[in-house]
Amino acid sequence: MTAPRRTGDDFRRTTLPQLDKEVLRLGLASNFGLTAEDQLYAAERGVNYWVWSPRYKTATAALRELFQQDRERYVVAMMGAAFVKGGVRRDVEKALRLLGTDYLDVFQLSWLGRTSRFSPAIQEALQEVKQEGLVRAVGTSIHDRVRAGKLAEDSVLDQLMIRYNAKHPGAEQDIFPHLHHRNPNVISYTATSWRQLLKPVKGIDMPPWPGEDPGAALPPLTAALCYRFVLSSPHLHVALSGPANRAQLDENLAVLDQGPLSDEEEAWVREYGRQVKAKKKSFF
């Protein structure tokens, strides 16, 4: 049985099951141009989920300030690149110093692809830092959907960060049916398929837009439609947004007030994504 799409306040906010922490469902990938001041402004607007790396200097400055105000309000998922057991602890301890905090909400491996070896030693290291309270959950960013489905079903991981959008909805077959086994946090990235869904594509043949404004969504898609497609899914907790400036941030946040797509709108967006994928058969 298919779960109903999210509606009302459930579309705006959710509780991450493996952290028992409420978050705004539009999270922030802060490495696309936002200043530290922009990110403090995002927090004022209700954003409280960050994907973070030590390379994200402006985010580090903003998060240090936010943590001094109210550490428990914010969720930070660190992208780590530890390839050996000792690297996990080194990455975590460095992050704690940089952010001025006693714990990370999530430490997630950024390299767990199709051919990556998820060694017992790495898994043991993840469990150790979690048991010691240095991190509250462990996860991975993963592109291989089949492997992600298996990890969702049985692994030490509490969180999966996956690609999901109208061009690439394959998680619906490969990942979502496995989530009920352990109920991990599910975070999505690239709602616009690296902006491919926002750019005109030759040879696309679409019927009229079925929404209230018939001229509002002629191909290509708008960013708002891309985010609404992702956020309508009952299986995803947070969709990451990568605004380049404050105006784009405000535009993206406005999506939360627009609510989920109707059945007809979702079918239209899904068909557009299918046609784009047929025309642009690339890795992304």
# chains A, B, ... in the order shown; residues from 1 in each chain; ligands from 1

$ select_by_dssp --residues "range 81-203 of chain A" --states "strand (DSSP E or B)" --output "ChimeraX atom specification"
/A:104-109,135-142,159-163,185-189

$ write_last_selection --atoms "C-alpha atoms" --output "compact mmCIF listing (two decimals), in the first residue's frame"
# COMPACT_ATOMS: atom_id res chain seq x y z
CA LEU A 104 27.59 15.99 15.96
CA ASP A 105 24.03 15.09 15.12
CA VAL A 106 25.11 12.96 12.15
CA PHE A 107 28.43 11.79 10.80
CA GLN A 108 27.96 10.48 7.28
CA LEU A 109 30.45 8.90 4.92
CA VAL A 135 27.80 11.64 17.31
CA ARG A 136 24.13 10.81 17.69
CA ALA A 137 23.63 9.07 14.36
CA VAL A 138 25.76 7.73 11.51
CA GLY A 139 24.97 7.60 7.83
CA THR A 140 26.17 7.96 4.29
CA SER A 141 25.64 9.93 1.12
CA ILE A 142 25.08 7.29 -1.55
CA GLN A 159 20.66 7.92 7.82
CA LEU A 160 20.78 7.80 4.03
CA MET A 161 21.36 10.85 1.85
CA ILE A 162 20.13 9.95 -1.63
CA ARG A 163 19.45 11.42 -5.06
CA ASN A 185 16.40 9.25 8.32
CA VAL A 186 16.15 9.90 4.56
CA ILE A 187 17.62 13.08 3.12
CA SER A 188 17.45 13.95 -0.58
CA TYR A 189 19.76 16.06 -2.69

$ closest_atom_pairs --of "range 91-116 of chain A" --to "range 49-63 of chain A" --cutoff "9 Å" --atoms "only C-alpha atoms" --output "JSON lines"
{"residue": "A:Lys94", "atom": "CA", "partner": "A:Pro54", "partner_atom": "CA", "distance": 8.5}
{"residue": "A:Ala95", "atom": "CA", "partner": "A:Pro54", "partner_atom": "CA", "distance": 6.8}
{"residue": "A:Leu98", "atom": "CA", "partner": "A:Thr60", "partner_atom": "CA", "distance": 7.1}
{"residue": "A:Leu99", "atom": "CA", "partner": "A:Thr60", "partner_atom": "CA", "distance": 6.1}
{"residue": "A:Gly100", "atom": "CA", "partner": "A:Leu63", "partner_atom": "CA", "distance": 8.8}

$ residues_around --residues "Leu34 in chain A" --least-positions-apart "3" --cutoff "7 Å" --atoms "only C-alpha atoms" --output "ChimeraX atom specification"
/A:30,38-39,244-245

$ atom_distance --atom1 "CA of Gln18 in chain A" --atom2 "CA of Trp111 in chain A"
21.5 Å

$ residues_around --residues "Ile122 in chain A" --least-positions-apart "6" --cutoff "10 Å" --atoms "only C-alpha atoms" --output "ChimeraX atom specification"
/A:82-88,109,128

$ write_last_selection --atoms "C-alpha atoms" --output "PDB file, in the first residue's frame"
ATOM      1  CA  ALA A  82      37.410   8.550   6.520  1.00  0.00           C
ATOM      2  CA  PHE A  83      38.755   5.540   4.615  1.00  0.00           C
ATOM      3  CA  VAL A  84      40.297   3.735   7.606  1.00  0.00           C
ATOM      4  CA  LYS A  85      39.052   3.116  11.124  1.00  0.00           C
ATOM      5  CA  GLY A  86      41.145   5.799  12.782  1.00  0.00           C
ATOM      6  CA  GLY A  87      40.012   8.374  10.249  1.00  0.00           C
ATOM      7  CA  VAL A  88      36.466   8.351  11.585  1.00  0.00           C
ATOM      8  CA  LEU A 109      30.447   8.896   4.925  1.00  0.00           C
ATOM      9  CA  GLU A 128      32.241   3.537  18.735  1.00  0.00           C
TER      10      GLU A 128
END

$ atom_distance --atom1 "CA of Leu151 in chain A" --atom2 "CA of Leu197 in chain A"
28.8 Å

$ closest_residue --among "A:Leu249, A:Ala254, A:Val276, A:Val238" --to "Pro219 in chain A" --atoms "only C-alpha atoms"
A:Val276

$ select_by_dssp --residues "range 213-263 of chain A" --states "helix (DSSP H, G or I)" --output "VMD selection string"
chain A and resid 223 to 231 246 to 253 255 to 258 263

$ closest_residue --among "A:Ala239, A:Leu225, A:Ala166, A:Ala171" --to "Gly27 in chain A" --atoms "only C-alpha atoms"
A:Ala239

$ closest_residue --among "A:Arg64, A:Gly133, A:Gln123, A:Arg25" --to "Arg97 in chain A" --atoms "only C-alpha atoms"
A:Arg64

$ residues_around --residues "range 201-207 of chain A" --least-positions-apart "5" --cutoff "10 Å" --atoms "only C-alpha atoms" --output "list in words"
Gln196, Leu218, Pro219, Pro220, Trp268, Val269, Glu271, Tyr272, Gln275, Val276, Ala278, Lys279 and Lys280 of chain A
